[in-house]
Amino acid sequence: MVKAAGAAGAGMSMGTATLAPPASAADAPFAHPGLLHTRTDLDRMAAKVKAGAKPYTAGFAKLAANRHAQSGWRANPQATVYRGSGSPENYRILYNDIHAAYQNALRYHSSGDAAHADTAVAILNAWSGKLTGLEGSADRFLAAGLYGYQYANAAELVREHEDFDLGRAQELMRNVFHPLSDDFLTRHNGAVVTNYWPNWDLTAIACVLATGIFCDDRRIVERAVEYFKHGDGMGSVRHAIPVVHDDGLGEWVEAGRDQGHALLGVGLMGTVCEMAWNQGIDLYGYDDSRFLKGAQYVAKWSLGGDVPYTANTRGKGAIGGWSGSETASGVATVDPAMTRPIWAMVAQHYTKRRGLPASYLTRAAAKAAPEGGGGDYGPNSGGFDQLGFGTLAFTRERAAAVSAAPSPGPVASEGAGGVRPQASASPVAGDDLAATGSGDVVGWAAGAGITAVAGGLLMLRRRGRAG
């Protein structure tokens, strides 16, 4: 069996055979579970925890010790959630409950204890039965994005539970979380498009993508993918990582703001890439693995390393109103002790699924292990921006055959959603991926199983896929 990678035309001949491009996955159903975790992921966690394998046991112990992961948690749903000054803020109730639902669901899949699944279902049903709106200052868009993608991920883990109200949860995503996030990507709260730093866009992209997958709406998924690639706001990949330096590191623009928001950005972009990957869409490898180069940059900088920074001036203000600009002229100071549970997912993708070196990511992930989740990084909202527990959820064996495309299971093919893996996503053996470029195509071809290179067409032999 031969697949054509990078061909965008009609069928082509090879000897007496006529080969057509891979079938589009545009009409294929979505894989479920298929947001941050697939069935393969959940089965792996359960098997490793049962076997007492390291580092899964340490990751599971971190989960079990978290107060949110207890089956006695009771939800406190609100009809309206407020985030932002001038409002009776109650958004902390929402994010604590969502993290309790996610952690109980993850604990159920890791241990088999049904009491945790029941708790997760009760929390999620309670909120879908009461929440009708998100209000407040501009921060309401952050609430929609962050808690929307998180709610969908918790719900995805129990969507087959007999007591879970899937239809009502889908309505909550479509009618409460998604509209604000989609509107932000369209209008940016009435501001000029560069007024908001990348994290604002990235929370919205994560929510829109999670909504599309959770609700089986391909149009919504494609909206998120297109914005990630070509959006006008600062959260699209080329705006968040505007410069790739000669050393191969991709400058993360928000490093000119502060460390905490730069870490948040890596976590959010990684979340978007992982959810897309699990549906057959390779954003990890998009634009010559630009995200990896940016993540490596932030990891090196956060570990205390020196990184270059190109002065960045962005316009600020409201359309038809006040206007101004702000220039970030250098990287902010860092605290090497600051951490978020963001590194395991990204490091494991590139080093284990792709079999590639990514030294700064590897070091950052090792330093953060075992990763916890909401409640382990302080009581404030920043400690709940990521779902976490990457040591348990994303540690995997190195793939026997390097995957150059996502493996979503039986429902999606390479190129799903119109995104094709980049040939230079995998470097020559021994090189750091952050330094890859188009010249690495020959080395990548050998590692990925390419048997012929002719006329710009890469012909792939059939190979096993890595999850």
# chains A, B, ... in the order shown; residues from 1 in each chain; ligands from 1
call {"tool": "select_by_dssp", "arguments": {"residues": "stretch 147-230 of chain A", "states": "helix (DSSP H, G or I)", "output": "JSON, numbers by chain"}}
result
{"A": [147, 148, 149, 150, 151, 152, 153, 154, 155, 156, 166, 167, 168, 169, 170, 171, 172, 173, 174, 175, 176, 177, 178, 179, 180, 181, 182, 183, 184, 185, 186, 187, 188, 189, 190, 198, 199, 200, 201, 202, 203, 204, 205, 206, 207, 208, 209, 210, 211, 212, 213, 214, 218, 219, 220, 221, 222, 223, 224, 225, 226, 227, 228, 229, 230]}
call {"tool": "residues_around", "arguments": {"residues": "stretch 266-268 of chain A", "least_positions_apart": "5", "cutoff": "7 Å", "atoms": "only C-alpha atoms", "output": "JSON, numbers by chain"}}
result
{"A": [202, 203, 295, 342, 386]}
call {"tool": "atom_distance", "arguments": {"atom1": "atom CA of A:Asn312", "atom2": "atom CA of A:Ala328"}}
result
5.2 Å
call {"tool": "select_by_dssp", "arguments": {"residues": "stretch 61-167 of chain A", "states": "strand (DSSP E or B)", "output": "list in words"}}
result
Thr80, Val81, Tyr82, Arg83, Gly133, Leu134, Glu135 and Gly136 of chain A
call {"tool": "residues_around", "arguments": {"residues": "stretch 87-101 of chain A", "least_positions_apart": "6", "cutoff": "8 Å", "atoms": "only C-alpha atoms", "output": "list in words"}}
result
His68, Ala69, Gln70, Trp73, Ala75, Asn76, Pro77, Gln78, Val81, Thr119, Ala120, Val121, Ile123, Leu124, Gly136, Ser137, Ala143, Tyr147, Gln150, Tyr151, Ala154, Gly374, Ser381, Phe384 and Leu387 of chain A
call {"tool": "closest_residue", "arguments": {"among": "A:Gly390, A:Gly34, A:Gly320, A:Gly112", "to": "A:Ala276", "atoms": "only C-alpha atoms"}}
result
A:Gly34
call {"tool": "closest_residue", "arguments": {"among": "A:Tyr284, A:Trp197, A:Tyr297, A:Tyr56", "to": "A:Thr391", "atoms": "only C-alpha atoms"}}
result
A:Tyr56
call {"tool": "closest_residue", "arguments": {"among": "A:Ala344, A:Val49, A:Leu185, A:Ala155", "to": "A:Ala105", "atoms": "only C-alpha atoms"}}
result
A:Ala155
call {"tool": "closest_residue", "arguments": {"among": "A:Gly86, A:Gly294, A:Gly59, A:Gly52", "to": "A:Leu392", "atoms": "only C-alpha atoms"}}
result
A:Gly59
call {"tool": "closest_residue", "arguments": {"among": "A:Pro33, A:Gly233, A:Gly388, A:Gly190", "to": "A:Trp322", "atoms": "only C-alpha atoms"}}
result
A:Gly190
call {"tool": "residues_around", "arguments": {"residues": "A:Val225", "least_positions_apart": "2", "cutoff": "9 Å", "atoms": "only C-alpha atoms", "output": "list in words"}}
result
Ile205, Leu209, Ile220, Val221, Glu222, Arg223, Tyr227, Phe228, Lys229, His230, Val272, Ala276, Ile281, Leu283, Gly417, Gly418 and Val419 of chain A
call {"tool": "closest_residue", "arguments": {"among": "A:Ala210, A:Ala365, A:Leu131, A:Ala393", "to": "A:Leu42", "atoms": "only C-alpha atoms"}}
result
A:Ala393
call {"tool": "residues_around", "arguments": {"residues": "A:Thr333", "least_positions_apart": "2", "cutoff": "12 Å", "atoms": "only C-alpha atoms", "output": "list of chain:residue names"}}
result
A:Ala255, A:Gly256, A:Arg257, A:Asp258, A:Gln259, A:Gly260, A:Ala262, A:Trp301, A:Ser302, A:Leu303, A:Gly304, A:Gly305, A:Asp306, A:Val307, A:Gly330, A:Val331, A:Asp335, A:Pro336, A:Met338
call {"tool": "atom_distance", "arguments": {"atom1": "atom CA of A:Gly280", "atom2": "atom CA of A:Ala28"}}
result
10.7 Å
